[in-house]
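Student: Have a look at this one.
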Amino acid sequence: MPVSQTNSRVVYDALKSCGIGLVSALPETWLVHLIRMAEDDPEMILVRLAKEEEGVGLSAGAHFAGVKSAMLMQNHGFLASVNGVVSLAQLYRIPLLMLISYRGHFGERDPWQTQGGSATESVLRALHIPYTFLDDPAKVATRIAEAQTLAYSSLHPTALLLTRELMWEEA
Amino acid sequence: MQRLDCLRSIYNRLEDCLVVTIMGAVATELHSLGHRPNFFYLQHAMGLASSTGLGLALCLPYQKVVVFDGDGSVLMNLGGLTTLARYKPANLVHVIFDNESLLSVGGFPTATSTGSDLEALARGAGIERTSTVRTIDDFTKGFDAALRANELSCTVAKVEAVGPKGYVTDLALLENRFQFRRHIETLQRK
């Protein structure tokens, strides 16, 4: 599978360096290695969800418990989480670190992903969620740490868009 | 059976639990019995009270967590029942007050009024310890047994569709949120 195992490891190690203790996830192609790494890590609480919005509740519960968390989801999962983001995370000032695979953008071959690709950034902007891209493995650790720092200082969601450049290796 | 009587009957059992409620009558009625710093009222995000409780229960495995849910909220996150069942936190007590109604918006009937059975849905999701109760006595006994059991449980309490006149309390949402977090921090220092 041409999902980059090497860069998935870079992302996972960065999450560990940030002290992440709980990861909620709903599988999608680009996330398979990351989810497996969380599964194989005895120190990580991995929660496989039925729908991504549940992850907002999981992260809120983890935050109350003093555990740092991250949400792994596809951009369509982010779109499916919007009410939870607004009416739990934003209403109650819960820091969220969202790692969102940016499907449906340049280079996307799956027609069904394309509409979500065109909506992702405008929805993030509409919700005033600060976001940036994970595209260069050399910068992954810094950007994840910075996104987490801002999430905690602002008590607000922040988002990192996992790009094709980082996650996909053409066979 | 009225929800307020159910809550009153077990109120003194909640002192050592972390309690998460849904919005509307459940939050207002529990608050009316006396707010405590270990109560968090999720005043929106319908469906996510159980997910918040799951996050708490997984991160604090030695702490009892009680979620007071409702039919309208559970119906918005039926998948959440499967997530609860998947991880089966032994320290989580899930109570669903089923009044077959979206009471706070004017009493519109939910699907439980036309036969959808939340206990059957919970059991079908994989939660083994489930029950449906219709009297205060059964509710109290069931709740006590669920608290004692070292097993995820889901109790559906069939209640009348009556509630308080208003839903806004004098506790600001953020005050509640920070107090709840601080309370858990204090517990962790002990």
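Scheme for the structure tokens: letters A, B, ... for chains in order shown; per-chain residue numbers from 1; ligand numbers from 1 in order shown.
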Return the neighbours of chain B among the residues of chain A, cut-off 8 Å, counting only C-alpha atoms, as a PDB file with N, CA and C atoms, in the first residue's frame.
Tutor:
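selection_6.pdb, written as the output of this step:
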ATOM      1  N   ILE A  45      -4.024   4.938  24.680  1.00  0.00           N
ATOM      2  CA  ILE A  45      -5.431   4.532  24.660  1.00  0.00           C
ATOM      3  C   ILE A  45      -5.947   4.860  23.260  1.00  0.00           C
ATOM      4  N   VAL A  47      -9.101   4.704  20.745  1.00  0.00           N
ATOM      5  CA  VAL A  47     -10.549   4.501  20.708  1.00  0.00           C
ATOM      6  C   VAL A  47     -11.009   4.553  19.256  1.00  0.00           C
ATOM      7  N   ARG A  48     -11.438   3.402  18.780  1.00  0.00           N
ATOM      8  CA  ARG A  48     -11.964   3.322  17.408  1.00  0.00           C
ATOM      9  C   ARG A  48     -13.437   3.717  17.440  1.00  0.00           C
ATOM     10  N   LEU A  49     -13.779   4.684  16.656  1.00  0.00           N
ATOM     11  CA  LEU A  49     -15.116   5.273  16.733  1.00  0.00           C
ATOM     12  C   LEU A  49     -16.039   4.712  15.661  1.00  0.00           C
ATOM     13  N   ALA A  50     -17.330   4.891  15.890  1.00  0.00           N
ATOM     14  CA  ALA A  50     -18.307   4.592  14.845  1.00  0.00           C
ATOM     15  C   ALA A  50     -18.482   5.819  13.947  1.00  0.00           C
ATOM     16  N   LYS A  51     -18.374   7.004  14.544  1.00  0.00           N
ATOM     17  CA  LYS A  51     -18.484   8.249  13.788  1.00  0.00           C
ATOM     18  C   LYS A  51     -17.564   9.273  14.443  1.00  0.00           C
ATOM     19  N   GLU A  53     -17.578  12.354  15.189  1.00  0.00           N
ATOM     20  CA  GLU A  53     -18.045  13.344  16.170  1.00  0.00           C
ATOM     21  C   GLU A  53     -17.876  12.831  17.606  1.00  0.00           C
ATOM     22  N   GLU A  54     -17.983  11.517  17.789  1.00  0.00           N
ATOM     23  CA  GLU A  54     -17.759  10.952  19.123  1.00  0.00           C
ATOM     24  C   GLU A  54     -16.391  11.349  19.665  1.00  0.00           C
ATOM     25  N   GLY A  55     -15.446  11.523  18.776  1.00  0.00           N
ATOM     26  CA  GLY A  55     -14.080  11.849  19.168  1.00  0.00           C
ATOM     27  C   GLY A  55     -14.005  13.161  19.941  1.00  0.00           C
ATOM     28  N   VAL A  56     -14.913  14.085  19.651  1.00  0.00           N
ATOM     29  CA  VAL A  56     -14.925  15.349  20.399  1.00  0.00           C
ATOM     30  C   VAL A  56     -15.264  15.062  21.863  1.00  0.00           C
ATOM     31  N   GLY A  57     -16.236  14.194  22.090  1.00  0.00           N
ATOM     32  CA  GLY A  57     -16.586  13.809  23.457  1.00  0.00           C
ATOM     33  C   GLY A  57     -15.438  13.087  24.137  1.00  0.00           C
ATOM     34  N   LEU A  58     -14.812  12.166  23.414  1.00  0.00           N
ATOM     35  CA  LEU A  58     -13.658  11.444  23.979  1.00  0.00           C
ATOM     36  C   LEU A  58     -12.569  12.422  24.392  1.00  0.00           C
ATOM     37  N   SER A  59     -12.278  13.388  23.527  1.00  0.00           N
ATOM     38  CA  SER A  59     -11.222  14.353  23.841  1.00  0.00           C
ATOM     39  C   SER A  59     -11.619  15.240  25.019  1.00  0.00           C
ATOM     40  N   ALA A  60     -12.896  15.584  25.112  1.00  0.00           N
ATOM     41  CA  ALA A  60     -13.353  16.400  26.246  1.00  0.00           C
ATOM     42  C   ALA A  60     -13.186  15.616  27.545  1.00  0.00           C
ATOM     43  N   GLY A  61     -13.606  14.355  27.531  1.00  0.00           N
ATOM     44  CA  GLY A  61     -13.459  13.519  28.723  1.00  0.00           C
ATOM     45  C   GLY A  61     -11.989  13.364  29.107  1.00  0.00           C
ATOM     46  N   ALA A  62     -11.137  13.158  28.100  1.00  0.00           N
ATOM     47  CA  ALA A  62      -9.697  13.018  28.354  1.00  0.00           C
ATOM     48  C   ALA A  62      -9.146  14.314  28.941  1.00  0.00           C
ATOM     49  N   HIS A  63      -9.570  15.433  28.399  1.00  0.00           N
ATOM     50  CA  HIS A  63      -9.078  16.721  28.912  1.00  0.00           C
ATOM     51  C   HIS A  63      -9.475  16.911  30.372  1.00  0.00           C
ATOM     52  N   PHE A  64     -10.711  16.599  30.693  1.00  0.00           N
ATOM     53  CA  PHE A  64     -11.147  16.715  32.094  1.00  0.00           C
ATOM     54  C   PHE A  64     -10.289  15.814  32.987  1.00  0.00           C
ATOM     55  N   ALA A  65      -9.891  14.667  32.425  1.00  0.00           N
ATOM     56  CA  ALA A  65      -9.101  13.711  33.193  1.00  0.00           C
ATOM     57  C   ALA A  65      -7.618  14.068  33.203  1.00  0.00           C
ATOM     58  N   GLY A  66      -7.235  15.135  32.505  1.00  0.00           N
ATOM     59  CA  GLY A  66      -5.835  15.547  32.490  1.00  0.00           C
ATOM     60  C   GLY A  66      -4.984  14.776  31.500  1.00  0.00           C
ATOM     61  N   VAL A  67      -5.629  14.134  30.525  1.00  0.00           N
ATOM     62  CA  VAL A  67      -4.896  13.361  29.516  1.00  0.00           C
ATOM     63  C   VAL A  67      -4.942  14.112  28.183  1.00  0.00           C
ATOM     64  N   ASN A  83     -20.863  19.722  14.505  1.00  0.00           N
ATOM     65  CA  ASN A  83     -21.705  20.124  15.650  1.00  0.00           C
ATOM     66  C   ASN A  83     -21.000  19.870  16.982  1.00  0.00           C
ATOM     67  N   GLY A  84     -20.334  18.748  17.088  1.00  0.00           N
ATOM     68  CA  GLY A  84     -19.598  18.469  18.323  1.00  0.00           C
ATOM     69  C   GLY A  84     -18.481  19.475  18.556  1.00  0.00           C
ATOM     70  N   SER A  87     -20.501  22.768  19.514  1.00  0.00           N
ATOM     71  CA  SER A  87     -21.357  22.808  20.701  1.00  0.00           C
ATOM     72  C   SER A  87     -20.790  22.035  21.878  1.00  0.00           C
ATOM     73  N   LEU A  88     -19.612  21.485  21.731  1.00  0.00           N
ATOM     74  CA  LEU A  88     -18.897  20.963  22.906  1.00  0.00           C
ATOM     75  C   LEU A  88     -17.536  21.661  23.007  1.00  0.00           C
ATOM     76  N   TYR A  92     -17.455  24.939  25.301  1.00  0.00           N
ATOM     77  CA  TYR A  92     -16.862  24.688  26.626  1.00  0.00           C
ATOM     78  C   TYR A  92     -15.348  24.891  26.650  1.00  0.00           C
ATOM     79  N   ARG A  93     -14.796  25.492  25.612  1.00  0.00           N
ATOM     80  CA  ARG A  93     -13.357  25.799  25.569  1.00  0.00           C
ATOM     81  C   ARG A  93     -12.503  24.559  25.855  1.00  0.00           C
TER      82      ARG A  93
END
Student: If we count only C-alpha atoms and set the cut-off at 12 Å, which residues sit around B:Met1, ignoring sequence neighbours fewer than 6 positions away in its own chain? Please answer as a count of residues only.
Tutor: 20
Student: Separation of atom CA of A:Asp135 and atom CA of A:Glu108, in Å?
Tutor: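 If I compute the distance from atom CA of A:Asp135 to atom CA of A:Glu108, I get 15.4 Å.
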Student: Please determine, counting only C-alpha atoms, which residue among A:Asn7, A:Pro111, A:Glu121, A:Asp41 has the shortest atom-to-atom distance to A:Lys139.
Tutor: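 Under the stated criterion, the closest residue is A:Asn7.
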Student: Neighbours of stretch 122-131 of chain A within 6 Å (only C-alpha atoms; same-chain residues fewer than 4 positions away dropped), as a PyMOL selection string?
Tutor: chain A and resi 158-160
Student: Go ahead and save the residues from that selection, with N, CA and C atoms, as a PDB file, in the first residue's frame.
Tutor:
ATOM      1  N   THR A 158      -7.462  23.160  17.232  1.00  0.00           N
ATOM      2  CA  THR A 158      -6.557  23.502  16.139  1.00  0.00           C
ATOM      3  C   THR A 158      -6.484  22.271  15.220  1.00  0.00           C
ATOM      4  N   ALA A 159      -6.111  22.517  13.967  1.00  0.00           N
ATOM      5  CA  ALA A 159      -6.140  21.413  12.999  1.00  0.00           C
ATOM      6  C   ALA A 159      -4.852  21.354  12.187  1.00  0.00           C
ATOM      7  N   LEU A 160      -4.458  20.134  11.879  1.00  0.00           N
ATOM      8  CA  LEU A 160      -3.331  19.897  10.985  1.00  0.00           C
ATOM      9  C   LEU A 160      -3.850  19.065   9.826  1.00  0.00           C
TER      10      LEU A 160
END
Student: Atom CA of B:Leu18 and atom CA of B:Ala122, how far apart in Å?
Tutor: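 We find that atom CA of B:Ala122 and atom CA of B:Leu18 lie 21.8 Å from each other.
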Student: Tell me, which residues of chain B carry DSSP strand (DSSP E or B), written as a PDB file with C-alpha atoms, in the first residue's frame?
Tutor:
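Written output follows (out_25.pdb):
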ATOM      1  CA  LEU B  18     -17.958  11.813  38.163  1.00  0.00           C
ATOM      2  CA  VAL B  19     -21.327  12.659  36.658  1.00  0.00           C
ATOM      3  CA  VAL B  20     -22.010  13.793  33.094  1.00  0.00           C
ATOM      4  CA  THR B  21     -25.536  14.789  32.085  1.00  0.00           C
ATOM      5  CA  PHE B  39     -21.264  17.196  38.039  1.00  0.00           C
ATOM      6  CA  PHE B  40     -20.728  18.272  34.431  1.00  0.00           C
ATOM      7  CA  TYR B  41     -23.817  19.320  32.485  1.00  0.00           C
ATOM      8  CA  VAL B  65     -18.352   7.626  36.007  1.00  0.00           C
ATOM      9  CA  VAL B  66     -22.117   8.048  35.711  1.00  0.00           C
ATOM     10  CA  VAL B  67     -23.744   9.339  32.527  1.00  0.00           C
ATOM     11  CA  PHE B  68     -27.349  10.553  32.679  1.00  0.00           C
ATOM     12  CA  ASP B  69     -28.511  10.412  29.090  1.00  0.00           C
ATOM     13  CA  GLY B  70     -31.851  10.736  27.327  1.00  0.00           C
ATOM     14  CA  LEU B  92     -19.057   3.438  33.590  1.00  0.00           C
ATOM     15  CA  VAL B  93     -22.739   3.473  34.564  1.00  0.00           C
ATOM     16  CA  HIS B  94     -24.948   4.621  31.697  1.00  0.00           C
ATOM     17  CA  VAL B  95     -28.493   5.676  32.583  1.00  0.00           C
ATOM     18  CA  ILE B  96     -30.901   6.678  29.834  1.00  0.00           C
ATOM     19  CA  PHE B  97     -34.032   8.550  30.890  1.00  0.00           C
ATOM     20  CA  ASP B  98     -36.523   7.639  28.196  1.00  0.00           C
ATOM     21  CA  SER B 101     -40.091  12.853  23.821  1.00  0.00           C
ATOM     22  CA  LEU B 102     -37.940  15.816  22.878  1.00  0.00           C
ATOM     23  CA  PHE B 108     -42.223  16.104  20.106  1.00  0.00           C
ATOM     24  CA  PRO B 109     -42.362  12.297  20.262  1.00  0.00           C
ATOM     25  CA  ARG B 129     -25.617  -5.669  31.520  1.00  0.00           C
ATOM     26  CA  THR B 130     -28.812  -3.870  30.488  1.00  0.00           C
ATOM     27  CA  SER B 131     -32.212  -3.301  32.033  1.00  0.00           C
ATOM     28  CA  THR B 132     -35.405  -1.312  31.654  1.00  0.00           C
ATOM     29  CA  VAL B 133     -37.021   0.025  34.835  1.00  0.00           C
ATOM     30  CA  SER B 153     -24.117  -1.182  32.401  1.00  0.00           C
ATOM     31  CA  CYS B 154     -26.947   0.534  30.587  1.00  0.00           C
ATOM     32  CA  THR B 155     -30.209   1.205  32.405  1.00  0.00           C
ATOM     33  CA  VAL B 156     -33.194   2.555  30.506  1.00  0.00           C
ATOM     34  CA  ALA B 157     -35.524   4.354  32.912  1.00  0.00           C
ATOM     35  CA  LYS B 158     -38.961   4.931  31.420  1.00  0.00           C
TER      36      LYS B 158
END
Student: Among stretch 21-132 of chain B, which residues does DSSP mark as helix (DSSP H, G or I) when it is run on the backbone? Keep the chain and numbering as in the structure and answer as a CSV table (one decimal) with C-alpha atoms, in the first residue's frame.
Tutor:
chain,number,residue,atom,x,y,z
B,25,ALA,CA,-34.5,18.6,32.0
B,26,VAL,CA,-31.8,16.1,33.2
B,27,ALA,CA,-29.3,18.9,33.7
B,28,THR,CA,-31.8,21.3,35.3
B,29,GLU,CA,-33.3,18.8,37.6
B,30,LEU,CA,-30.0,17.4,38.8
B,31,HIS,CA,-28.8,21.0,39.4
B,32,SER,CA,-32.0,21.7,41.3
B,49,ALA,CA,-22.5,12.9,26.9
B,50,SER,CA,-21.8,9.2,26.7
B,51,SER,CA,-18.7,9.8,24.6
B,52,THR,CA,-17.5,12.3,27.2
B,53,GLY,CA,-18.2,9.8,29.9
B,54,LEU,CA,-16.3,7.1,27.9
B,55,GLY,CA,-13.2,9.4,27.6
B,56,LEU,CA,-13.3,10.0,31.4
B,57,ALA,CA,-13.8,6.3,32.2
B,58,LEU,CA,-10.9,5.2,30.0
B,59,CYS,CA,-8.5,7.8,31.3
B,71,ASP,CA,-33.7,9.1,24.5
B,72,GLY,CA,-33.4,12.0,22.1
B,73,SER,CA,-29.6,12.3,22.7
B,74,VAL,CA,-28.9,8.6,22.4
B,75,LEU,CA,-30.9,8.4,19.2
B,76,MET,CA,-28.5,11.0,17.8
B,78,LEU,CA,-26.6,5.2,18.3
B,79,GLY,CA,-23.1,4.4,17.1
B,80,GLY,CA,-21.8,5.6,20.4
B,81,LEU,CA,-23.4,2.6,22.0
B,82,THR,CA,-21.3,0.3,19.9
B,83,THR,CA,-18.2,2.3,20.9
B,84,LEU,CA,-19.1,2.0,24.6
B,85,ALA,CA,-19.7,-1.8,24.1
B,86,ARG,CA,-16.4,-2.1,22.3
B,87,TYR,CA,-14.3,-0.8,25.2
B,103,LEU,CA,-39.4,17.6,25.9
B,104,SER,CA,-37.4,20.8,26.0
B,105,VAL,CA,-38.4,21.8,22.5
B,111,ALA,CA,-38.9,7.0,17.9
B,112,THR,CA,-39.0,5.3,21.3
B,113,SER,CA,-42.7,6.4,21.4
B,114,THR,CA,-43.3,4.2,18.3
B,118,LEU,CA,-33.2,1.5,23.7
B,119,GLU,CA,-32.4,-1.4,25.9
B,120,ALA,CA,-32.5,-3.8,23.0
B,121,LEU,CA,-30.3,-1.4,21.0
B,122,ALA,CA,-27.8,-1.3,23.8
B,123,ARG,CA,-27.8,-5.0,24.2
B,124,GLY,CA,-27.6,-5.5,20.4
B,125,ALA,CA,-24.6,-3.1,20.4
Student: Between atom CA of A:Ala89 and atom CA of A:His156, what is the distance in Å, rounded to a tenth?
Tutor: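 Computed distance, atom CA of A:Ala89 to atom CA of A:His156, equals 6.9 Å.
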Student: Determine, counting only C-alpha atoms, which protein, DNA and RNA residues have an atom within 8 Å of an atom of A:Val140; residues of the same chain fewer than 6 positions away are not included. Present the result as a JSON list (two decimals) with N, CA and C atoms, in the first residue's frame.
Tutor:
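File selection-v6.json, as written:
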[["chain", "number", "residue", "atom", "x", "y", "z"],
["A", 10, "VAL", "N", 6.84, 9.20, 11.54],
["A", 10, "VAL", "CA", 7.27, 10.56, 11.93],
["A", 10, "VAL", "C", 6.11, 11.27, 12.66],
["A", 11, "VAL", "N", 4.90, 11.12, 12.11],
["A", 11, "VAL", "CA", 3.73, 11.76, 12.73],
["A", 11, "VAL", "C", 3.45, 11.12, 14.09],
["A", 14, "ALA", "N", 5.89, 12.17, 16.71],
["A", 14, "ALA", "CA", 5.64, 13.56, 17.12],
["A", 14, "ALA", "C", 4.49, 13.62, 18.12],
["A", 134, "LEU", "N", 0.61, 19.52, 7.16],
["A", 134, "LEU", "CA", 1.75, 18.63, 7.38],
["A", 134, "LEU", "C", 2.16, 18.09, 6.01]]
Student: Which residues, written as a PDB file with N, CA and C atoms, in the first residue's frame, have at least one atom at most 9 Å from A:Cys18, with only C-alpha atoms counted and residues fewer than 3 positions away on the same chain left out?
Tutor:
ATOM      1  N   ASP A  13       5.502   9.498  16.125  1.00  0.00           N
ATOM      2  CA  ASP A  13       6.537   9.860  17.103  1.00  0.00           C
ATOM      3  C   ASP A  13       6.334  11.287  17.608  1.00  0.00           C
ATOM      4  N   ALA A  14       5.886  12.168  16.709  1.00  0.00           N
ATOM      5  CA  ALA A  14       5.641  13.556  17.118  1.00  0.00           C
ATOM      6  C   ALA A  14       4.490  13.621  18.125  1.00  0.00           C
ATOM      7  N   LEU A  15       3.453  12.823  17.891  1.00  0.00           N
ATOM      8  CA  LEU A  15       2.328  12.788  18.852  1.00  0.00           C
ATOM      9  C   LEU A  15       2.818  12.295  20.208  1.00  0.00           C
ATOM     10  N   LYS A  68      -3.783  14.238  27.559  1.00  0.00           N
ATOM     11  CA  LYS A  68      -3.725  14.923  26.262  1.00  0.00           C
ATOM     12  C   LYS A  68      -4.157  13.957  25.160  1.00  0.00           C
ATOM     13  N   ALA A 141       7.180  17.422  13.400  1.00  0.00           N
ATOM     14  CA  ALA A 141       7.242  17.450  14.867  1.00  0.00           C
ATOM     15  C   ALA A 141       6.992  18.863  15.395  1.00  0.00           C
ATOM     16  N   ILE A 144       3.203  19.920  14.833  1.00  0.00           N
ATOM     17  CA  ILE A 144       2.276  19.251  15.755  1.00  0.00           C
ATOM     18  C   ILE A 144       2.427  19.856  17.152  1.00  0.00           C
ATOM     19  N   ALA A 145       3.670  20.060  17.571  1.00  0.00           N
ATOM     20  CA  ALA A 145       3.898  20.650  18.900  1.00  0.00           C
ATOM     21  C   ALA A 145       3.297  22.056  18.975  1.00  0.00           C
ATOM     22  N   GLN A 148      -0.497  21.932  19.154  1.00  0.00           N
ATOM     23  CA  GLN A 148      -0.936  21.542  20.502  1.00  0.00           C
ATOM     24  C   GLN A 148      -0.769  22.715  21.476  1.00  0.00           C
TER      25      GLN A 148
END
Student: Which residue is closest to A:Leu96? Choose from A:Leu161, A:Leu166, A:Ala147, A:Ile35 and count only C-alpha atoms.
Tutor: A:Ala147
